[in-house]
Amino acid sequence: MAFESLDFIYHPSRDPKRDLTYFIEVLGGRLRFAVEGMGARVAAIELAPPPPLLLLADHVQGDTPILVYRVPNLRQELSALSNRGWNGRRPSKFRMGQSAPSTRRAGNALPSTS
């Protein structure tokens, strides 16, 4: 199997501050970090022992969360996934490493991170 673990769930949020308050005060989550920059706001919340962390992000389009998986070798896995019909984009920098976002299929996206 190509994926080692589900490390992050990038969840769309139109109001990260309001959502952050709910996840912390109502659900008992723990804030891991909150950043704002380059026109985006992202907050990481730990709801259970990680992984995965829940990332509330105001720059994620739509309503479907993006699943971010760890892989042992990003370039190798991207090649293998492409050979099996995965339609993604080239890797981009991510706070915790690199990610390779895909186009959404079946209402979901499968980026990978190393």
# chains A, B, ... in the order shown; residues from 1 in each chain; ligands from 1

call {"tool": "residues_around", "arguments": {"residues": "Leu31 in chain A", "least_positions_apart": "3", "cutoff": "10 Å", "atoms": "only C-alpha atoms", "output": "list of chain:residue names"}}
result
A:Leu20, A:Thr21, A:Phe23, A:Ile24, A:Gly28, A:Ala34, A:Ala43, A:Ala44, A:Ile45, A:Glu46, A:Leu47, A:Leu53, A:Leu54

call {"tool": "closest_atom_pairs", "arguments": {"of": "range 9-71 of chain A", "to": "range 77-87 of chain A", "cutoff": "12 Å", "atoms": "only C-alpha atoms", "output": "CSV"}}
result
residue,atom,partner,partner_atom,distance
A:Tyr69,CA,A:Glu77,CA,11.2
A:Arg70,CA,A:Glu77,CA,10.3
A:Val71,CA,A:Glu77,CA,7.1

call {"tool": "residues_around", "arguments": {"residues": "Ala40 in chain A", "least_positions_apart": "2", "cutoff": "9 Å", "atoms": "only C-alpha atoms", "output": "ChimeraX atom specification"}}
result
/A:35-38,42,57-59

call {"tool": "residues_around", "arguments": {"residues": "range 49-52 of chain A", "least_positions_apart": "4", "cutoff": "8 Å", "atoms": "only C-alpha atoms", "output": "list in words"}}
result
Ser5, Leu6, Asp7, Phe8 and Ile9 of chain A

call {"tool": "closest_residue", "arguments": {"among": "A:Asp63, A:Gly39, A:Val68, A:Arg75", "to": "Phe3 in chain A", "atoms": "only C-alpha atoms"}}
result
A:Val68

call {"tool": "closest_residue", "arguments": {"among": "A:Val60, A:Leu74, A:Leu67, A:Leu55", "to": "Pro12 in chain A", "atoms": "only C-alpha atoms"}}
result
A:Val60
